[in-house]
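Take a look at the structure below.
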Amino acid sequence: MGHVLISAAHKSSGKTMVSTGLARALAMRGLNVQPFKKGPDYIDPKWLGEAAGNPCFNLDYHTQSVDEILALFAAKAHAADITLIEGNKGLYDGVDVEGSNSNAALAKLLDAPVILVVDASGITRGVAPLLMGYRMFDQDVNIQGVILNKVLGPRHEDKLIRAIERYTDIEVLGAVKRNERLGVDERHIGLIPSNEHPHARERIDMLAETVGEQVNLERVIEIANAAPAPAKPATGTEASPSTLGKPDVRIAVARDAAFGFYYADDLEALQRAGARIVHFNALNDVYLPTCDGLFLGGGFPETQMDKLSANQTLRNRIKAAIKAGLPTYAECGGLMYLSRSISWGDEKRDMVGIIPGDAIMHPRPQGRGYVRLKPSAAHPWPIEITDGGNDLPAHEFHHSTLENLTDGLTFAYDVTRGRGVNGTQDGIVIHNLMAGYAHLRDTSRCRWAEPFTAFVRQHKQARGNAPSPAQVAG
């Protein structure tokens, strides 16, 4: 049940690749590895989960209370041999000058020793004051070691290690040599997700081999095992979908190279609410699976727009199903797919067309970071606000805008922070569809899975013995 937090001095230090290599290398030793990712993120958790062989869960101060972070961590980590928590950005970076939601704050909250990944490109002796500064900045943060990354060769490694050993008491746990074959290309939102990368498994195994050879795994395990064990999970937090009653509705979830942005605990929440999750591939399948509701998550439909557009049969059936009343929820990439078209550069492709607007890609982000949403009276499955506030926490990160929208559209949310669809509103409501740019997460501050499942159930019961709109559309 040991645990450790992998952080860095700054963003793009290579900590995701090092963390992925660690997760896979430790799993190949027969350890049950439980990964976590700090903050709102879909891409890094996909790599970590694939490497560890266990779903990766997010720990996020914006969408979760401190008690909920502790409860989720305890519930998922208690059965693991070792837990790896990957930070976001740098160790002390956060949304405020106090660092209240920083990686350092999370490390202290979880009593997690910290291993820093340092990008050694263009630095030798200067690594010592860097590490000394990180050590002294907050002495309550338990920095236990450093992994040097992107090291040029033996001479470079020797200079780095001698400087660290002379001027600091931080242990060097490894030096990962620069190797262009180990990286994963980045694009407009971040790393290419593992579900879209053509050689993800090969890359993960290569990372594991490299990290296993160039990092002292035994010391990583020892450092993790020295951490205080997390509190025993509270009663009820260990409930899993397999232990619950028989599901009474079926919700189809798109999962392929275009759509893959789903939180593992959100899917669990849907199952706890009584849903059976049935996956389909929007690129290749021509029929929706038998279902009572539809969930189209985020992803990169723009990179797959040729295949999505070419699958006209499924596009037509989804449009017909939504027009016939199929309860549907779509986030970001799902919103783009349901629009009339996607344009990226000089290319434009037809999409489902149920939303009267066109998704236009831009070089720079159009909506980025944490958002807050106030549900309107038009929300088809209203979410109860339970934390005493007036709005819901969520996040968005999109390079597209919806343009040429029809006037007079109905929206489910007023945006009190963020951009949404038009700067002030998000969540377009058409028939029984609600589609927006915001990504929700089912936590104590935003219980969306249960009301959406109840909405699906309500419509299933209302139609009686009549077939689902998903099947009528076929």
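Starting from 1 in every chain, residues are counted up; chains themselves are A, B, ... following the order of the structure tokens, and ligands are numbered from 1 as listed.
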Check your understanding: Could you pull out all residues of region 77-298 of chain A with a DSSP call of strand (DSSP E) and give them as number ranges by chain?
Key -> A: 82-86, 114-119, 143-151, 171-177, 249-254, 259-261, 275-280, 293-296, 298
Point to revise | Expected answer as an NGL selection string: alpha helix (DSSP H) residues in region 12-252 of chain A | key: :A and (15-28 or 43-52 or 66-77 or 103-109 or 127-137 or 154-167 or 200-214 or 217-225)
Dump as a PDB file, in the first residue's frame, selection limited to C-alpha atoms:
```pdb
ATOM      1  CA  LYS A  15       6.993  13.360 -16.006  1.00  0.00           C
ATOM      2  CA  THR A  16       4.075  11.650 -17.795  1.00  0.00           C
ATOM      3  CA  MET A  17       6.425   9.473 -19.819  1.00  0.00           C
ATOM      4  CA  VAL A  18       8.544   8.710 -16.735  1.00  0.00           C
ATOM      5  CA  SER A  19       5.401   7.968 -14.696  1.00  0.00           C
ATOM      6  CA  THR A  20       4.044   5.752 -17.467  1.00  0.00           C
ATOM      7  CA  GLY A  21       7.332   3.872 -17.656  1.00  0.00           C
ATOM      8  CA  LEU A  22       7.380   3.463 -13.875  1.00  0.00           C
ATOM      9  CA  ALA A  23       3.799   2.192 -13.791  1.00  0.00           C
ATOM     10  CA  ARG A  24       4.441  -0.392 -16.477  1.00  0.00           C
ATOM     11  CA  ALA A  25       7.846  -1.459 -15.120  1.00  0.00           C
ATOM     12  CA  LEU A  26       6.397  -1.991 -11.641  1.00  0.00           C
ATOM     13  CA  ALA A  27       3.376  -3.843 -13.041  1.00  0.00           C
ATOM     14  CA  MET A  28       5.715  -6.134 -14.991  1.00  0.00           C
ATOM     15  CA  ILE A  43      -5.035  12.209 -21.716  1.00  0.00           C
ATOM     16  CA  ASP A  44      -2.342  11.451 -19.133  1.00  0.00           C
ATOM     17  CA  PRO A  45      -4.680   9.106 -17.203  1.00  0.00           C
ATOM     18  CA  LYS A  46      -5.227   7.063 -20.351  1.00  0.00           C
ATOM     19  CA  TRP A  47      -1.466   6.454 -20.653  1.00  0.00           C
ATOM     20  CA  LEU A  48      -1.115   5.730 -16.939  1.00  0.00           C
ATOM     21  CA  GLY A  49      -4.109   3.404 -16.830  1.00  0.00           C
ATOM     22  CA  GLU A  50      -2.954   1.501 -19.894  1.00  0.00           C
ATOM     23  CA  ALA A  51       0.512   1.105 -18.375  1.00  0.00           C
ATOM     24  CA  ALA A  52      -0.654   0.044 -14.910  1.00  0.00           C
ATOM     25  CA  VAL A  66     -10.713  17.605   0.593  1.00  0.00           C
ATOM     26  CA  ASP A  67     -12.700  14.839   2.286  1.00  0.00           C
ATOM     27  CA  GLU A  68     -13.705  13.431  -1.096  1.00  0.00           C
ATOM     28  CA  ILE A  69     -10.120  13.449  -2.350  1.00  0.00           C
ATOM     29  CA  LEU A  70      -9.075  11.523   0.755  1.00  0.00           C
ATOM     30  CA  ALA A  71     -11.989   9.090   0.429  1.00  0.00           C
ATOM     31  CA  LEU A  72     -11.375   8.356  -3.259  1.00  0.00           C
ATOM     32  CA  PHE A  73      -7.659   7.925  -2.644  1.00  0.00           C
ATOM     33  CA  ALA A  74      -8.278   5.535   0.244  1.00  0.00           C
ATOM     34  CA  ALA A  75     -10.933   3.558  -1.630  1.00  0.00           C
ATOM     35  CA  LYS A  76      -8.818   2.967  -4.731  1.00  0.00           C
ATOM     36  CA  ALA A  77      -5.350   2.720  -3.166  1.00  0.00           C
ATOM     37  CA  ASN A 103       0.854  19.395  -6.249  1.00  0.00           C
ATOM     38  CA  ALA A 104       2.720  20.247  -3.063  1.00  0.00           C
ATOM     39  CA  ALA A 105      -0.587  20.742  -1.243  1.00  0.00           C
ATOM     40  CA  LEU A 106      -1.824  17.381  -2.517  1.00  0.00           C
ATOM     41  CA  ALA A 107       1.411  15.661  -1.452  1.00  0.00           C
ATOM     42  CA  LYS A 108       1.010  17.031   2.075  1.00  0.00           C
ATOM     43  CA  LEU A 109      -2.674  16.107   2.182  1.00  0.00           C
ATOM     44  CA  VAL A 127      20.600  21.597 -11.069  1.00  0.00           C
ATOM     45  CA  ALA A 128      21.841  21.921  -7.455  1.00  0.00           C
ATOM     46  CA  PRO A 129      20.401  25.382  -6.652  1.00  0.00           C
ATOM     47  CA  LEU A 130      17.222  24.376  -8.464  1.00  0.00           C
ATOM     48  CA  LEU A 131      16.768  21.396  -6.163  1.00  0.00           C
ATOM     49  CA  MET A 132      17.885  23.348  -3.087  1.00  0.00           C
ATOM     50  CA  GLY A 133      15.225  25.947  -3.840  1.00  0.00           C
ATOM     51  CA  TYR A 134      12.534  23.319  -4.181  1.00  0.00           C
ATOM     52  CA  ARG A 135      13.660  21.696  -0.927  1.00  0.00           C
ATOM     53  CA  MET A 136      13.700  24.971   1.055  1.00  0.00           C
ATOM     54  CA  PHE A 137      10.597  26.604  -0.432  1.00  0.00           C
ATOM     55  CA  PRO A 154      27.596   9.680 -19.364  1.00  0.00           C
ATOM     56  CA  ARG A 155      29.577  12.938 -18.985  1.00  0.00           C
ATOM     57  CA  HIS A 156      26.397  14.974 -18.618  1.00  0.00           C
ATOM     58  CA  GLU A 157      25.028  12.484 -16.111  1.00  0.00           C
ATOM     59  CA  ASP A 158      28.261  12.537 -14.081  1.00  0.00           C
ATOM     60  CA  LYS A 159      28.272  16.346 -13.835  1.00  0.00           C
ATOM     61  CA  LEU A 160      24.653  16.405 -12.733  1.00  0.00           C
ATOM     62  CA  ILE A 161      25.067  13.724 -10.086  1.00  0.00           C
ATOM     63  CA  ARG A 162      28.270  15.211  -8.648  1.00  0.00           C
ATOM     64  CA  ALA A 163      26.609  18.634  -8.282  1.00  0.00           C
ATOM     65  CA  ILE A 164      23.525  17.158  -6.626  1.00  0.00           C
ATOM     66  CA  GLU A 165      25.554  14.998  -4.235  1.00  0.00           C
ATOM     67  CA  ARG A 166      27.893  17.845  -3.265  1.00  0.00           C
ATOM     68  CA  TYR A 167      25.329  20.565  -2.603  1.00  0.00           C
ATOM     69  CA  ALA A 200       0.707   2.951 -27.751  1.00  0.00           C
ATOM     70  CA  ARG A 201       1.448  -0.507 -26.321  1.00  0.00           C
ATOM     71  CA  GLU A 202       4.836  -0.651 -28.012  1.00  0.00           C
ATOM     72  CA  ARG A 203       5.698   2.818 -26.689  1.00  0.00           C
ATOM     73  CA  ILE A 204       4.593   1.920 -23.156  1.00  0.00           C
ATOM     74  CA  ASP A 205       6.702  -1.244 -23.166  1.00  0.00           C
ATOM     75  CA  MET A 206       9.697   0.714 -24.454  1.00  0.00           C
ATOM     76  CA  LEU A 207       9.245   3.270 -21.670  1.00  0.00           C
ATOM     77  CA  ALA A 208       9.032   0.468 -19.109  1.00  0.00           C
ATOM     78  CA  GLU A 209      12.211  -1.130 -20.383  1.00  0.00           C
ATOM     79  CA  THR A 210      14.083   2.178 -20.337  1.00  0.00           C
ATOM     80  CA  VAL A 211      12.857   3.289 -16.923  1.00  0.00           C
ATOM     81  CA  GLY A 212      13.437  -0.193 -15.518  1.00  0.00           C
ATOM     82  CA  GLU A 213      17.069  -0.069 -16.626  1.00  0.00           C
ATOM     83  CA  GLN A 214      17.840   3.584 -15.818  1.00  0.00           C
ATOM     84  CA  LEU A 217      12.982   0.752  -8.939  1.00  0.00           C
ATOM     85  CA  GLU A 218      13.847  -0.823  -5.602  1.00  0.00           C
ATOM     86  CA  ARG A 219      14.440   2.606  -4.076  1.00  0.00           C
ATOM     87  CA  VAL A 220      11.205   3.926  -5.593  1.00  0.00           C
ATOM     88  CA  ILE A 221       9.356   1.053  -3.914  1.00  0.00           C
ATOM     89  CA  GLU A 222      11.163   1.651  -0.607  1.00  0.00           C
ATOM     90  CA  ILE A 223      10.339   5.366  -0.674  1.00  0.00           C
ATOM     91  CA  ALA A 224       6.689   4.609  -1.447  1.00  0.00           C
ATOM     92  CA  ASN A 225       6.471   1.971   1.307  1.00  0.00           C
TER      93      ASN A 225
END
```
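With only C-alpha atoms as the atoms that count, the minimum distance from Gly297 (chain A) to the choices A:His362, A:His439, A:His399, A:Lys319 is reached by A:His439.
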If we count only C-alpha atoms and set the cut-off at 8 Å, which residues sit around region 323-332 of chain A, ignoring sequence neighbours fewer than 3 positions away in its own chain? Please answer as a PDB file with N, CA and C atoms, in the first residue's frame.
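File out19.pdb, as written:
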```
ATOM      1  N   ASP A 292     -31.022   2.859 -24.170  1.00  0.00           N
ATOM      2  CA  ASP A 292     -32.081   3.770 -23.762  1.00  0.00           C
ATOM      3  C   ASP A 292     -31.589   5.214 -23.695  1.00  0.00           C
ATOM      4  N   GLY A 293     -30.256   5.396 -23.716  1.00  0.00           N
ATOM      5  CA  GLY A 293     -29.654   6.720 -23.660  1.00  0.00           C
ATOM      6  C   GLY A 293     -28.306   6.704 -24.327  1.00  0.00           C
ATOM      7  N   LEU A 294     -27.759   7.888 -24.589  1.00  0.00           N
ATOM      8  CA  LEU A 294     -26.509   8.016 -25.331  1.00  0.00           C
ATOM      9  C   LEU A 294     -25.608   9.038 -24.646  1.00  0.00           C
ATOM     10  N   PHE A 295     -24.327   8.704 -24.496  1.00  0.00           N
ATOM     11  CA  PHE A 295     -23.336   9.602 -23.904  1.00  0.00           C
ATOM     12  C   PHE A 295     -22.160   9.708 -24.868  1.00  0.00           C
ATOM     13  N   LEU A 296     -21.953  10.905 -25.403  1.00  0.00           N
ATOM     14  CA  LEU A 296     -20.843  11.187 -26.309  1.00  0.00           C
ATOM     15  C   LEU A 296     -19.850  12.082 -25.569  1.00  0.00           C
ATOM     16  N   GLY A 297     -18.729  11.512 -25.126  1.00  0.00           N
ATOM     17  CA  GLY A 297     -17.740  12.271 -24.384  1.00  0.00           C
ATOM     18  C   GLY A 297     -16.853  13.098 -25.284  1.00  0.00           C
ATOM     19  N   GLY A 298     -15.840  13.703 -24.672  1.00  0.00           N
ATOM     20  CA  GLY A 298     -14.897  14.505 -25.432  1.00  0.00           C
ATOM     21  C   GLY A 298     -13.866  13.646 -26.129  1.00  0.00           C
ATOM     22  N   GLY A 299     -12.974  14.314 -26.830  1.00  0.00           N
ATOM     23  CA  GLY A 299     -11.930  13.620 -27.575  1.00  0.00           C
ATOM     24  C   GLY A 299     -11.406  14.518 -28.679  1.00  0.00           C
ATOM     25  N   LYS A 319     -28.773  11.063 -35.627  1.00  0.00           N
ATOM     26  CA  LYS A 319     -29.643  12.235 -35.791  1.00  0.00           C
ATOM     27  C   LYS A 319     -31.109  11.851 -35.663  1.00  0.00           C
ATOM     28  N   ALA A 320     -31.477  10.760 -36.308  1.00  0.00           N
ATOM     29  CA  ALA A 320     -32.877  10.311 -36.262  1.00  0.00           C
ATOM     30  C   ALA A 320     -33.263   9.896 -34.848  1.00  0.00           C
ATOM     31  N   LEU A 335     -20.175  17.332 -28.689  1.00  0.00           N
ATOM     32  CA  LEU A 335     -20.888  18.506 -29.197  1.00  0.00           C
ATOM     33  C   LEU A 335     -20.476  18.797 -30.636  1.00  0.00           C
ATOM     34  N   MET A 336     -19.164  18.774 -30.904  1.00  0.00           N
ATOM     35  CA  MET A 336     -18.667  19.042 -32.252  1.00  0.00           C
ATOM     36  C   MET A 336     -19.205  18.023 -33.249  1.00  0.00           C
ATOM     37  N   ILE A 354     -27.538  17.565 -35.927  1.00  0.00           N
ATOM     38  CA  ILE A 354     -28.690  17.814 -35.058  1.00  0.00           C
ATOM     39  C   ILE A 354     -28.571  19.173 -34.373  1.00  0.00           C
ATOM     40  N   GLU A 396     -13.117  23.135 -19.045  1.00  0.00           N
ATOM     41  CA  GLU A 396     -13.200  23.108 -20.502  1.00  0.00           C
ATOM     42  C   GLU A 396     -11.808  23.325 -21.083  1.00  0.00           C
ATOM     43  N   HIS A 398     -10.874  23.672 -25.217  1.00  0.00           N
ATOM     44  CA  HIS A 398     -11.233  23.430 -26.617  1.00  0.00           C
ATOM     45  C   HIS A 398     -10.661  24.519 -27.508  1.00  0.00           C
ATOM     46  N   HIS A 431     -34.649  18.737 -28.224  1.00  0.00           N
ATOM     47  CA  HIS A 431     -35.347  17.481 -27.932  1.00  0.00           C
ATOM     48  C   HIS A 431     -34.913  17.011 -26.534  1.00  0.00           C
ATOM     49  N   ASN A 432     -34.390  15.805 -26.417  1.00  0.00           N
ATOM     50  CA  ASN A 432     -33.884  15.301 -25.133  1.00  0.00           C
ATOM     51  C   ASN A 432     -32.355  15.274 -25.105  1.00  0.00           C
ATOM     52  N   LEU A 433     -31.758  16.114 -25.913  1.00  0.00           N
ATOM     53  CA  LEU A 433     -30.304  16.260 -25.987  1.00  0.00           C
ATOM     54  C   LEU A 433     -29.856  17.470 -25.178  1.00  0.00           C
ATOM     55  N   MET A 434     -28.741  17.293 -24.442  1.00  0.00           N
ATOM     56  CA  MET A 434     -28.036  18.427 -23.841  1.00  0.00           C
ATOM     57  C   MET A 434     -26.566  18.279 -24.205  1.00  0.00           C
ATOM     58  N   ALA A 435     -26.011  19.291 -24.894  1.00  0.00           N
ATOM     59  CA  ALA A 435     -24.642  19.210 -25.395  1.00  0.00           C
ATOM     60  C   ALA A 435     -23.927  20.523 -25.143  1.00  0.00           C
ATOM     61  N   GLY A 436     -22.744  20.448 -24.510  1.00  0.00           N
ATOM     62  CA  GLY A 436     -21.991  21.657 -24.214  1.00  0.00           C
ATOM     63  C   GLY A 436     -20.499  21.431 -24.267  1.00  0.00           C
ATOM     64  N   TYR A 437     -19.751  22.517 -24.105  1.00  0.00           N
ATOM     65  CA  TYR A 437     -18.297  22.426 -24.093  1.00  0.00           C
ATOM     66  C   TYR A 437     -17.753  21.993 -22.731  1.00  0.00           C
ATOM     67  N   ALA A 438     -18.492  22.257 -21.661  1.00  0.00           N
ATOM     68  CA  ALA A 438     -17.988  21.948 -20.327  1.00  0.00           C
ATOM     69  C   ALA A 438     -17.920  20.442 -20.101  1.00  0.00           C
ATOM     70  N   HIS A 439     -16.864  20.023 -19.416  1.00  0.00           N
ATOM     71  CA  HIS A 439     -16.730  18.641 -18.961  1.00  0.00           C
ATOM     72  C   HIS A 439     -17.163  18.584 -17.502  1.00  0.00           C
ATOM     73  N   PHE A 455     -33.228  10.414 -15.840  1.00  0.00           N
ATOM     74  CA  PHE A 455     -33.869  10.992 -17.030  1.00  0.00           C
ATOM     75  C   PHE A 455     -34.024   9.931 -18.116  1.00  0.00           C
ATOM     76  N   VAL A 456     -32.981   9.133 -18.307  1.00  0.00           N
ATOM     77  CA  VAL A 456     -33.041   8.027 -19.275  1.00  0.00           C
ATOM     78  C   VAL A 456     -34.116   7.029 -18.851  1.00  0.00           C
ATOM     79  N   HIS A 459     -37.756   8.216 -19.468  1.00  0.00           N
ATOM     80  CA  HIS A 459     -38.210   8.106 -20.860  1.00  0.00           C
ATOM     81  C   HIS A 459     -38.390   6.655 -21.290  1.00  0.00           C
ATOM     82  N   SER A 468     -36.850   1.481 -28.317  1.00  0.00           N
ATOM     83  CA  SER A 468     -36.062   2.679 -28.079  1.00  0.00           C
ATOM     84  C   SER A 468     -35.899   3.482 -29.372  1.00  0.00           C
ATOM     85  N   PRO A 469     -35.820   4.807 -29.272  1.00  0.00           N
ATOM     86  CA  PRO A 469     -35.529   5.604 -30.479  1.00  0.00           C
ATOM     87  C   PRO A 469     -34.240   5.190 -31.180  1.00  0.00           C
ATOM     88  N   ALA A 470     -33.299   4.637 -30.423  1.00  0.00           N
ATOM     89  CA  ALA A 470     -32.048   4.193 -31.028  1.00  0.00           C
ATOM     90  C   ALA A 470     -32.284   3.065 -32.024  1.00  0.00           C
ATOM     91  N   ALA A 473     -34.549   4.303 -35.129  1.00  0.00           N
ATOM     92  CA  ALA A 473     -33.744   5.029 -36.110  1.00  0.00           C
ATOM     93  C   ALA A 473     -33.013   4.106 -37.059  1.00  0.00           C
TER      94      ALA A 473
END
```
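Between CA of Val421 (chain A) and CA of Asp358 (chain A) there is a distance of 11.6 Å.
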